[in-house]
file my_file-v9.txt (compact mmCIF, C-alpha atoms and all ligand atoms)
# COMPACT_ATOMS: atom_id res chain seq x y z
CA MET A 1126 -16.81 -29.68 17.49
CA GLU A 1127 -15.29 -32.63 15.58
CA ARG A 1128 -12.41 -31.18 13.56
CA LYS A 1129 -10.27 -32.73 10.84
CA ARG A 1130 -6.55 -32.04 11.41
CA GLU A 1131 -5.02 -30.28 8.43
CA SER A 1132 -1.59 -29.13 7.43
CA ILE A 1133 -1.70 -25.35 6.78
CA ALA A 1134 1.02 -22.90 5.80
CA VAL A 1135 0.94 -19.36 7.20
CA ILE A 1136 2.96 -17.15 4.85
CA GLY A 1137 4.32 -14.14 6.71
CA ALA A 1138 5.73 -14.27 10.24
CA GLY A 1139 4.76 -10.78 11.41
CA SER A 1140 2.22 -9.97 14.13
CA TRP A 1141 -0.89 -11.15 12.35
CA GLY A 1142 0.55 -14.28 10.70
CA THR A 1143 1.95 -15.41 14.06
CA ALA A 1144 -1.29 -14.75 15.97
CA LEU A 1145 -3.36 -16.61 13.34
CA ALA A 1146 -0.85 -19.48 13.39
CA MET A 1147 -1.57 -19.72 17.12
CA VAL A 1148 -5.34 -19.96 16.52
CA LEU A 1149 -4.80 -22.77 14.00
CA ALA A 1150 -2.37 -24.59 16.32
CA ASP A 1151 -4.88 -24.28 19.18
CA ASN A 1152 -7.34 -26.01 16.84
CA ASN A 1153 -4.87 -28.89 16.55
CA HIS A 1154 -3.80 -28.21 12.95
CA GLU A 1155 -0.23 -28.75 11.81
CA VAL A 1156 0.97 -25.16 11.24
CA LYS A 1157 3.92 -24.27 9.05
CA LEU A 1158 4.87 -20.63 9.62
CA TRP A 1159 6.97 -19.22 6.76
CA GLY A 1160 9.04 -16.08 7.14
CA HIS A 1161 11.75 -14.57 4.95
CA ASN A 1162 14.14 -13.93 7.84
CA PRO A 1163 16.04 -17.16 8.70
CA GLU A 1164 17.22 -15.77 12.09
CA GLN A 1165 13.64 -15.15 13.13
CA ILE A 1166 12.58 -18.64 12.02
CA LYS A 1167 15.44 -20.18 14.01
CA GLU A 1168 14.26 -18.26 17.09
CA ILE A 1169 10.68 -19.47 16.58
CA ASN A 1170 11.81 -23.11 16.31
CA GLU A 1171 14.37 -23.04 19.12
CA HIS A 1172 12.64 -20.77 21.64
CA HIS A 1173 8.96 -20.73 20.53
CA ILE A 1174 8.97 -16.97 20.49
CA ASN A 1175 8.60 -14.24 17.86
CA LYS A 1176 10.56 -11.57 19.70
CA LYS A 1177 10.11 -8.70 17.23
CA TYR A 1178 6.36 -8.99 16.77
CA LEU A 1179 4.83 -10.72 19.83
CA PRO A 1180 7.65 -10.60 22.39
CA ASP A 1181 5.75 -11.80 25.46
CA ILE A 1182 3.95 -14.75 23.90
CA LEU A 1183 5.01 -18.40 24.07
CA LEU A 1184 4.06 -20.03 20.78
CA PRO A 1185 2.33 -23.44 20.85
CA GLU A 1186 4.37 -26.54 19.94
CA GLY A 1187 2.09 -27.10 16.92
CA ILE A 1188 3.80 -24.22 15.06
CA THR A 1189 6.98 -24.96 13.10
CA GLY A 1190 8.90 -22.16 11.40
CA PHE A 1191 10.17 -22.45 7.81
CA ALA A 1192 12.53 -20.18 5.90
CA SER A 1193 12.15 -22.32 2.76
CA MET A 1194 8.96 -21.64 0.81
CA GLU A 1195 9.26 -25.01 -0.88
CA GLU A 1196 9.26 -26.86 2.45
CA ALA A 1197 6.48 -24.68 3.86
CA LEU A 1198 4.19 -25.46 0.91
CA PHE A 1199 4.93 -29.17 0.81
CA GLY A 1200 1.79 -31.20 1.64
CA VAL A 1201 -0.54 -28.24 2.21
CA ASN A 1202 -3.71 -27.34 0.32
CA THR A 1203 -4.47 -24.09 2.14
CA ILE A 1204 -2.24 -21.11 2.85
CA ILE A 1205 -2.89 -18.09 5.03
CA LEU A 1206 -1.28 -15.10 3.31
CA ALA A 1207 -0.29 -12.60 6.00
CA VAL A 1208 2.10 -10.08 4.45
CA PRO A 1209 1.57 -6.34 3.90
CA THR A 1210 -0.35 -5.38 0.74
CA LYS A 1211 2.76 -4.09 -0.97
CA ALA A 1212 4.42 -7.54 -0.65
CA ILE A 1213 1.45 -9.57 -1.96
CA ARG A 1214 2.51 -9.72 -5.63
CA GLU A 1215 6.11 -10.64 -4.82
CA VAL A 1216 5.11 -13.41 -2.41
CA ILE A 1217 2.39 -14.82 -4.69
CA GLY A 1218 5.02 -14.82 -7.47
CA LYS A 1219 7.36 -16.93 -5.28
CA ILE A 1220 4.55 -19.35 -4.43
CA SER A 1221 3.45 -19.68 -8.07
CA ALA A 1222 7.01 -20.47 -9.16
CA ILE A 1223 7.15 -23.44 -6.77
CA ARG A 1224 3.64 -24.80 -6.60
CA LYS A 1225 2.31 -27.42 -9.01
CA GLU A 1226 -1.09 -28.22 -7.41
CA PRO A 1227 -4.06 -25.85 -6.76
CA LEU A 1228 -4.14 -23.98 -3.43
CA THR A 1229 -6.80 -22.18 -1.45
CA VAL A 1230 -5.37 -18.77 -0.57
CA VAL A 1231 -6.80 -17.13 2.55
CA HIS A 1232 -5.62 -13.53 2.64
CA VAL A 1233 -5.79 -11.52 5.84
CA SER A 1234 -4.29 -8.22 4.66
CA LYS A 1235 -6.07 -4.86 4.67
CA GLY A 1236 -5.25 -2.64 1.75
CA ILE A 1237 -5.99 -1.54 -1.81
CA GLU A 1238 -3.27 -1.32 -4.44
CA PRO A 1239 -2.66 2.28 -5.58
CA ASP A 1240 -2.89 2.89 -9.36
CA THR A 1241 -4.43 -0.51 -10.25
CA LEU A 1242 -7.06 0.14 -7.52
CA LEU A 1243 -7.44 -3.60 -7.09
CA ARG A 1244 -8.68 -5.24 -3.92
CA ILE A 1245 -6.33 -7.89 -2.54
CA SER A 1246 -8.37 -10.87 -3.75
CA GLU A 1247 -8.24 -9.32 -7.23
CA MET A 1248 -4.46 -8.86 -7.02
CA ILE A 1249 -4.09 -12.52 -6.09
CA GLU A 1250 -6.34 -13.60 -8.96
CA GLU A 1251 -4.29 -11.47 -11.34
CA GLU A 1252 -0.90 -12.65 -10.05
CA MET A 1253 -1.50 -16.39 -9.59
CA PRO A 1254 -2.04 -18.69 -12.60
CA ALA A 1255 -5.68 -19.86 -12.61
CA ASN A 1256 -4.70 -23.55 -12.55
CA LEU A 1257 -2.91 -22.99 -9.19
CA LEU A 1258 -5.69 -21.06 -7.49
CA ALA A 1259 -8.47 -23.23 -6.05
CA SER A 1260 -10.19 -20.30 -4.25
CA VAL A 1261 -9.42 -16.96 -2.65
CA VAL A 1262 -10.94 -16.28 0.76
CA VAL A 1263 -10.57 -13.10 2.83
CA LEU A 1264 -10.55 -13.13 6.64
CA SER A 1265 -11.10 -9.68 8.15
CA GLY A 1266 -12.64 -7.91 11.14
CA PRO A 1267 -11.80 -6.21 14.45
CA SER A 1268 -8.82 -8.24 15.60
CA HIS A 1269 -5.53 -6.98 16.98
CA ALA A 1270 -2.84 -9.65 16.94
CA GLU A 1271 -1.76 -8.70 20.46
CA GLU A 1272 -5.19 -9.65 21.86
CA VAL A 1273 -5.69 -12.73 19.66
CA SER A 1274 -2.33 -14.06 20.89
CA LEU A 1275 -3.61 -13.68 24.48
CA ARG A 1276 -6.68 -15.69 23.42
CA HIS A 1277 -9.02 -12.81 24.26
CA PRO A 1278 -12.51 -13.06 22.69
CA THR A 1279 -12.35 -11.95 19.05
CA THR A 1280 -14.82 -12.01 16.16
CA VAL A 1281 -13.98 -11.94 12.45
CA THR A 1282 -15.68 -12.55 9.10
CA VAL A 1283 -14.68 -14.69 6.13
CA SER A 1284 -15.83 -14.06 2.58
CA SER A 1285 -15.19 -15.43 -0.90
CA LYS A 1286 -16.69 -15.65 -4.38
CA ASN A 1287 -16.80 -19.36 -3.50
CA MET A 1288 -18.69 -19.50 -0.21
CA ALA A 1289 -18.08 -23.25 0.16
CA ALA A 1290 -14.38 -22.37 0.52
CA ALA A 1291 -15.25 -19.62 3.03
CA ASP A 1292 -17.25 -22.17 5.06
CA GLN A 1293 -14.20 -24.44 5.16
CA VAL A 1294 -12.01 -21.57 6.37
CA GLN A 1295 -14.61 -20.76 9.04
CA ASP A 1296 -14.26 -24.37 10.26
CA LEU A 1297 -10.44 -24.19 10.28
CA PHE A 1298 -10.31 -21.13 12.53
CA ILE A 1299 -13.42 -21.07 14.71
CA ASN A 1300 -12.98 -21.83 18.41
CA ASN A 1301 -14.24 -20.51 21.74
CA ASN A 1302 -11.88 -17.51 21.68
CA PHE A 1303 -12.00 -16.77 17.97
CA ARG A 1304 -15.51 -16.65 16.54
CA VAL A 1305 -15.71 -16.64 12.75
CA TYR A 1306 -18.77 -15.46 10.79
CA THR A 1307 -19.37 -15.70 7.04
CA ASN A 1308 -20.55 -12.91 4.71
CA PRO A 1309 -20.85 -13.41 0.93
CA ASP A 1310 -20.15 -9.70 0.21
CA ILE A 1311 -16.43 -9.90 -0.59
CA VAL A 1312 -16.34 -6.35 -2.00
CA GLY A 1313 -17.77 -4.86 1.20
CA VAL A 1314 -15.56 -7.00 3.45
CA GLU A 1315 -12.35 -6.03 1.64
CA ILE A 1316 -13.26 -2.35 1.24
CA GLY A 1317 -14.25 -1.95 4.90
CA GLY A 1318 -11.04 -3.62 6.12
CA ALA A 1319 -8.81 -1.52 3.88
CA LEU A 1320 -10.41 1.90 4.33
CA LYS A 1321 -10.83 1.82 8.11
CA ASN A 1322 -7.05 2.27 8.33
CA ILE A 1323 -7.38 5.76 6.80
CA ILE A 1324 -9.92 6.76 9.41
CA ALA A 1325 -7.74 5.27 12.18
CA LEU A 1326 -4.82 7.44 11.03
CA ALA A 1327 -7.13 10.45 11.16
CA ALA A 1328 -8.40 9.47 14.64
CA GLY A 1329 -4.80 9.17 15.83
CA ILE A 1330 -4.11 12.64 14.47
CA THR A 1331 -7.03 14.25 16.31
CA ASP A 1332 -5.96 12.47 19.52
CA GLY A 1333 -2.40 13.71 18.96
CA LEU A 1334 -3.72 17.25 18.49
CA GLY A 1335 -5.37 16.95 21.90
CA TYR A 1336 -8.97 16.76 20.68
CA GLY A 1337 -11.38 14.48 22.51
CA ASP A 1338 -13.99 11.79 22.12
CA ASN A 1339 -16.40 14.03 20.21
CA ALA A 1340 -13.89 14.38 17.38
CA LYS A 1341 -13.23 10.66 17.38
CA ALA A 1342 -16.93 9.76 17.29
CA ALA A 1343 -17.34 12.21 14.42
CA LEU A 1344 -14.49 10.59 12.48
CA ILE A 1345 -15.76 7.05 13.06
CA THR A 1346 -19.31 7.94 12.00
CA ARG A 1347 -18.55 10.24 9.09
CA GLY A 1348 -15.68 7.92 8.11
CA LEU A 1349 -18.14 5.06 7.91
CA ALA A 1350 -20.40 7.22 5.72
CA GLU A 1351 -17.62 7.84 3.22
CA ILE A 1352 -16.46 4.21 3.23
CA ALA A 1353 -20.04 3.09 2.63
CA ARG A 1354 -20.58 5.63 -0.16
CA LEU A 1355 -17.53 4.37 -2.00
CA GLY A 1356 -18.13 0.70 -1.19
CA MET A 1357 -21.71 0.78 -2.48
CA LYS A 1358 -20.58 2.39 -5.75
CA MET A 1359 -18.07 -0.46 -6.07
CA GLY A 1360 -20.87 -3.01 -5.63
CA ALA A 1361 -20.82 -3.71 -1.89
CA SER A 1362 -23.92 -4.32 0.21
CA PRO A 1363 -24.68 -1.39 2.55
CA LEU A 1364 -25.40 -3.90 5.34
CA THR A 1365 -21.78 -5.07 5.41
CA PHE A 1366 -20.70 -1.66 6.69
CA SER A 1367 -22.80 -2.15 9.83
CA GLY A 1368 -20.98 -5.42 10.50
CA LEU A 1369 -17.66 -6.60 11.89
CA THR A 1370 -15.61 -5.56 8.87
CA GLY A 1371 -17.30 -2.14 8.76
CA ILE A 1372 -18.16 -0.34 11.99
CA GLY A 1373 -16.59 -3.18 14.03
CA ASP A 1374 -13.11 -2.73 12.60
CA LEU A 1375 -13.45 1.06 12.61
CA ILE A 1376 -14.17 1.03 16.34
CA VAL A 1377 -11.26 -1.23 17.24
CA THR A 1378 -8.72 0.51 15.02
CA CYS A 1379 -9.70 4.08 15.91
CA THR A 1380 -9.77 3.44 19.66
CA SER A 1381 -7.00 0.95 20.42
CA VAL A 1382 -3.41 1.66 21.36
CA HIS A 1383 -2.54 -1.59 19.57
CA SER A 1384 -3.41 -0.06 16.19
CA ARG A 1385 -0.32 0.87 14.20
CA ASN A 1386 -2.45 3.20 12.07
CA TRP A 1387 -3.81 4.99 15.14
CA ARG A 1388 -0.31 5.16 16.67
CA ALA A 1389 1.18 6.57 13.46
CA GLY A 1390 -1.60 9.18 13.32
CA HIS A 1391 -1.02 10.06 16.98
CA LEU A 1392 2.66 10.79 16.29
CA LEU A 1393 1.70 12.88 13.24
CA GLY A 1394 -0.76 14.83 15.38
CA LYS A 1395 2.02 15.43 17.91
CA GLY A 1396 4.08 17.03 15.14
CA GLN A 1397 6.39 14.31 13.76
CA ASN A 1398 6.72 14.12 9.98
CA LEU A 1399 5.60 11.07 8.02
CA GLN A 1400 9.07 9.67 7.35
CA GLU A 1401 10.06 9.93 11.03
CA VAL A 1402 6.85 8.18 12.03
CA LEU A 1403 7.24 5.31 9.57
CA ASP A 1404 10.92 4.86 10.49
CA ASN A 1405 9.96 4.53 14.15
CA MET A 1406 7.02 2.14 13.72
CA GLY A 1407 8.95 -0.98 12.62
CA MET A 1408 5.67 -2.54 11.49
CA VAL A 1409 3.38 -1.99 8.55
CA VAL A 1410 1.09 1.10 8.55
CA GLU A 1411 -1.25 0.10 5.73
CA GLY A 1412 -3.37 3.27 5.84
CA VAL A 1413 -0.63 5.47 4.34
CA ARG A 1414 -0.57 3.64 1.02
CA THR A 1415 -4.32 3.06 1.09
CA THR A 1416 -4.89 6.82 1.37
CA LYS A 1417 -3.31 7.19 -2.09
CA ALA A 1418 -5.62 4.47 -3.43
CA ALA A 1419 -8.68 6.04 -1.77
CA LYS A 1420 -7.94 9.41 -3.33
CA GLN A 1421 -7.81 7.73 -6.77
CA LEU A 1422 -10.94 5.64 -6.08
CA ALA A 1423 -12.89 8.75 -5.05
CA VAL A 1424 -12.11 10.30 -8.43
CA LYS A 1425 -12.82 7.11 -10.38
CA TYR A 1426 -16.21 6.50 -8.71
CA GLU A 1427 -17.06 10.21 -8.29
CA VAL A 1428 -17.56 9.86 -4.56
CA ASN A 1429 -17.11 12.63 -2.02
CA MET A 1430 -14.45 11.50 0.53
CA PRO A 1431 -13.53 14.59 2.55
CA ILE A 1432 -11.70 12.78 5.39
CA ALA A 1433 -9.55 10.76 2.98
CA ASP A 1434 -8.82 13.96 1.02
CA ALA A 1435 -7.83 15.87 4.16
CA LEU A 1436 -5.60 13.01 5.31
CA TYR A 1437 -3.97 12.84 1.88
CA ASP A 1438 -3.05 16.51 2.18
CA VAL A 1439 -1.53 15.98 5.63
CA LEU A 1440 0.45 12.91 4.53
CA PHE A 1441 1.61 13.99 1.08
CA ASN A 1442 1.08 17.76 0.64
CA ASN A 1443 2.60 19.02 3.90
CA VAL A 1444 -0.70 20.44 5.10
CA ASN A 1445 -0.64 21.10 8.83
CA ALA A 1446 -2.84 18.59 10.73
CA LYS A 1447 -4.75 21.25 12.68
CA ASP A 1448 -5.42 23.22 9.49
CA ALA A 1449 -6.76 20.05 7.86
CA VAL A 1450 -9.21 19.52 10.74
CA ASP A 1451 -10.24 23.19 10.58
CA SER A 1452 -10.96 22.91 6.84
CA LEU A 1453 -13.05 19.77 7.37
CA MET A 1454 -15.12 21.55 10.00
CA ALA A 1455 -15.55 24.70 7.89
CA ARG A 1456 -17.12 22.98 4.86
CA GLY A 1457 -20.57 24.01 3.61
CA LYS A 1458 -23.80 22.80 5.21
CA LYS A 1459 -25.03 19.28 4.41
CA ASP A 1460 -27.74 16.79 5.23
CA GLU A 1461 -26.26 13.89 7.21
CA MET A 1462 -27.58 11.34 4.73
CA ASP A 1463 -26.48 13.24 1.60
CA ASP A 1464 -24.86 11.00 -0.99
CA LEU A 1465 -25.77 7.86 0.98
CA THR A 1466 -29.42 8.09 -0.02
CA ASN A 1467 -28.43 8.95 -3.59
CA VAL A 1468 -26.34 5.82 -3.90
CA LEU A 1469 -29.10 3.74 -2.34
CA ASP A 1470 -31.62 5.42 -4.65
CA ILE A 1471 -34.11 6.19 -1.78
N1 LIG B 1 -1.43 -6.96 13.24
C1 LIG B 1 -2.73 -7.07 13.29
O1 LIG B 1 -3.30 -7.04 14.39
C2 LIG B 1 -3.53 -7.24 12.06
C3 LIG B 1 -2.97 -7.07 10.81
N2 LIG B 1 -3.77 -7.24 9.70
C4 LIG B 1 -3.20 -7.08 8.36
O2 LIG B 1 -2.28 -8.14 8.12
C5 LIG B 1 -1.29 -7.71 7.18
C6 LIG B 1 0.08 -8.04 7.74
O3 LIG B 1 0.21 -7.25 8.88
P1 LIG B 1 1.07 -7.57 10.16
O4 LIG B 1 1.38 -9.00 10.31
O5 LIG B 1 0.40 -6.92 11.28
O6 LIG B 1 2.38 -6.75 9.76
P2 LIG B 1 3.78 -6.75 10.49
O7 LIG B 1 4.44 -5.50 10.12
O8 LIG B 1 3.59 -7.09 11.93
O9 LIG B 1 4.53 -7.98 9.79
C7 LIG B 1 4.68 -8.05 8.40
C8 LIG B 1 5.40 -9.34 8.09
O10 LIG B 1 5.51 -9.47 6.66
C9 LIG B 1 6.89 -9.64 6.35
N3 LIG B 1 7.19 -9.12 5.04
C10 LIG B 1 7.20 -7.84 4.61
N4 LIG B 1 7.54 -7.76 3.32
C11 LIG B 1 7.76 -9.04 2.89
C12 LIG B 1 8.14 -9.61 1.67
N5 LIG B 1 8.36 -8.86 0.59
N6 LIG B 1 8.30 -10.96 1.62
C13 LIG B 1 8.08 -11.71 2.70
N7 LIG B 1 7.69 -11.24 3.90
C14 LIG B 1 7.54 -9.90 4.00
C15 LIG B 1 7.62 -8.90 7.44
O11 LIG B 1 8.97 -9.32 7.49
P3 LIG B 1 10.13 -8.41 8.21
O12 LIG B 1 10.00 -8.68 9.67
O13 LIG B 1 11.39 -8.92 7.62
O14 LIG B 1 9.81 -6.98 7.87
C16 LIG B 1 6.82 -9.36 8.64
O15 LIG B 1 7.17 -10.67 9.01
C17 LIG B 1 -1.53 -6.21 6.95
O16 LIG B 1 -2.23 -6.01 5.76
C18 LIG B 1 -2.40 -5.81 8.15
O17 LIG B 1 -3.28 -4.72 7.82
C19 LIG B 1 -5.07 -7.59 9.78
C20 LIG B 1 -5.66 -7.77 11.00
C21 LIG B 1 -4.93 -7.62 12.23
O1 LIG B 2 -6.63 -4.41 11.35
C1 LIG B 2 -6.33 -4.34 12.51
C2 LIG B 2 -7.28 -4.62 13.61
O2 LIG B 2 -8.48 -5.14 13.14
C3 LIG B 2 -4.95 -3.91 12.86
O3 LIG B 2 -4.86 -2.54 12.69
P1 LIG B 2 -3.45 -1.83 12.56
O4 LIG B 2 -2.83 -2.31 11.28
O5 LIG B 2 -3.76 -0.38 12.58
O6 LIG B 2 -2.65 -2.25 13.76

call {"tool": "encode", "arguments": {"input": "my_file-v9.txt", "output": "structure tokens"}}
result
Amino acid sequence: MERKRESIAVIGAGSWGTALAMVLADNNHEVKLWGHNPEQIKEINEHHINKKYLPDILLPEGITGFASMEEALFGVNTIILAVPTKAIREVIGKISAIRKEPLTVVHVSKGIEPDTLLRISEMIEEEMPANLLASVVVLSGPSHAEEVSLRHPTTVTVSSKNMAAADQVQDLFINNNFRVYTNPDIVGVEIGGALKNIIALAAGITDGLGYGDNAKAALITRGLAEIARLGMKMGASPLTFSGLTGIGDLIVTCTSVHSRNWRAGHLLGKGQNLQEVLDNMGMVVEGVRTTKAAKQLAVKYEVNMPIADALYDVLFNNVNAKDAVDSLMARGKKDEMDDLTNVLDI
């Protein structure tokens, strides 16, 4: 494929920002990787390694690290925003204070903001002055940074209210290891990506409790049902939940040892408390904060979300993990398609 070389800034030098910077560098783009830790940026520039996040990976020469946001943004029209959800507003604020020209913002984070209940593209639209924001695109799907950095086959989806911008982002990233699809359903893509982390925490918990594949299959399937119920009420297409950002991301996050959400859940299931777990992770566990948002969304949209509710009780109300599983199993009888058919009106 004939590809125009572009200068692109990746904002956030954690696992995902670094892995995506590698994909862009492999595609011959000039990649400016911004991080807020000058020591880490020095290490990236001098040794081509991001020791904390991808310790065994040699970064391509096409990636240059920047600790100055001003320098990172100079001469770029597109940024990849790869920081945890809770840092989005602060980082967009920094960018907006510096930038004079419009930017396309590609966000790759998976979360929902508690209290405002905004999706990430909505947070960006709210935080960034309209004259600086050309388009917001989301890139999401089943994609652990550890495997992307090894150039293992990976598929993701891009979505936007402006699908011409999503098409351009597809062209920036797509290559023979990293296959990028488009989907115009931005609500479904963002909701699926954010809420699968809750189910992955729950799957880690059941694994930690010593339960088996039956329990995990139940969580993935019934988790998808509750994500779809909520997503459809929020305006998503039901079809999106059968795609990469729905069942695809649920499978990878609930079954992979790379998943921080699964790993955190596993430690909880083994008996550690939440603070101990988070202190030991050293990386973002988005599902914890998203569980608070999901609990609020379930109330707002009047959707039944028993797994999210049970997880909320384990995380924030000191409910014992085994007791939470027992209560889920002891609920009243239901039809498998209850609530889904109501929302679909069939
Ligand atoms: N890792 C993965 O495989 C995937 C992750 N994602 C999503 O990408 C997002 C980022 O995750 P990921 O890269 O994995 O997270 P990591 O924990 O690996 O890295 C987070 C990065 O963001 C930086 N950061 C945190 N707070 C701020 C801030 N206020 N200002 C500037 N930088 C900050 C961290 O810096 P410091 O080192 O100083 O803490 C670190 O460099 C999440 O929403 C995640 O769900 C999506 C798909 C795959
Ligand atoms: O979103 C991811 C894979 O698609 C990464 O999941 P974790 O944040 O649980 O590691």

call {"tool": "residues_around", "arguments": {"input": "my_file-v9.txt", "residues": "stretch 1148-1152 of chain A", "least_positions_apart": "4", "cutoff": "7 Å", "atoms": "all atoms listed in the file", "output": "CSV table (one decimal) with C-alpha atoms, in the frame of the given file"}}
result
chain,number,residue,atom,x,y,z
A,1144,ALA,CA,-1.3,-14.8,16.0
A,1156,VAL,CA,1.0,-25.2,11.2
A,1185,PRO,CA,2.3,-23.4,20.8
A,1187,GLY,CA,2.1,-27.1,16.9
A,1188,ILE,CA,3.8,-24.2,15.1
A,1297,LEU,CA,-10.4,-24.2,10.3
A,1298,PHE,CA,-10.3,-21.1,12.5

call {"tool": "residues_around", "arguments": {"input": "my_file-v9.txt", "residues": "A:Trp1387", "least_positions_apart": "6", "cutoff": "10 Å", "atoms": "all atoms listed in the file", "output": "PyMOL selection string"}}
result
chain A and resi 1322-1333+1377-1381+1393+1410+1412

call {"tool": "closest_residue", "arguments": {"input": "my_file-v9.txt", "among": "A:Ser1265, A:Asn1153, A:Asn1175, A:Thr1241", "to": "ligand LIG 1 (chain B)", "atoms": "all atoms listed in the file"}}
result
A:Ser1265

call {"tool": "residues_near_ligand", "arguments": {"input": "my_file-v9.txt", "ligand": "ligand LIG 2 (chain B)", "cutoff": "10 Å", "atoms": "only C-alpha atoms and all ligand atoms", "output": "NGL selection string"}}
result
:A and (1140-1141 or 1209 or 1233-1236 or 1265-1272 or 1279-1281 or 1318-1319 or 1321-1326 or 1369-1370 or 1373-1379 or 1381-1390 or 1408-1412)

call {"tool": "residues_near_point", "arguments": {"input": "my_file-v9.txt", "point": "(-7.2, 12.0, 0.9)", "cutoff": "9 Å", "atoms": "only C-alpha atoms", "output": "list of chain:residue names"}}
result
A:Ile1323, A:Thr1416, A:Lys1417, A:Ala1418, A:Ala1419, A:Lys1420, A:Gln1421, A:Ala1423, A:Met1430, A:Pro1431, A:Ile1432, A:Ala1433, A:Asp1434, A:Ala1435, A:Leu1436, A:Tyr1437, A:Asp1438, A:Val1439, A:Leu1440

call {"tool": "atom_distance", "arguments": {"input": "my_file-v9.txt", "atom1": "atom O11 of ligand LIG 1 (chain B)", "atom2": "atom CA of A:Lys1157"}}
result
15.9 Å
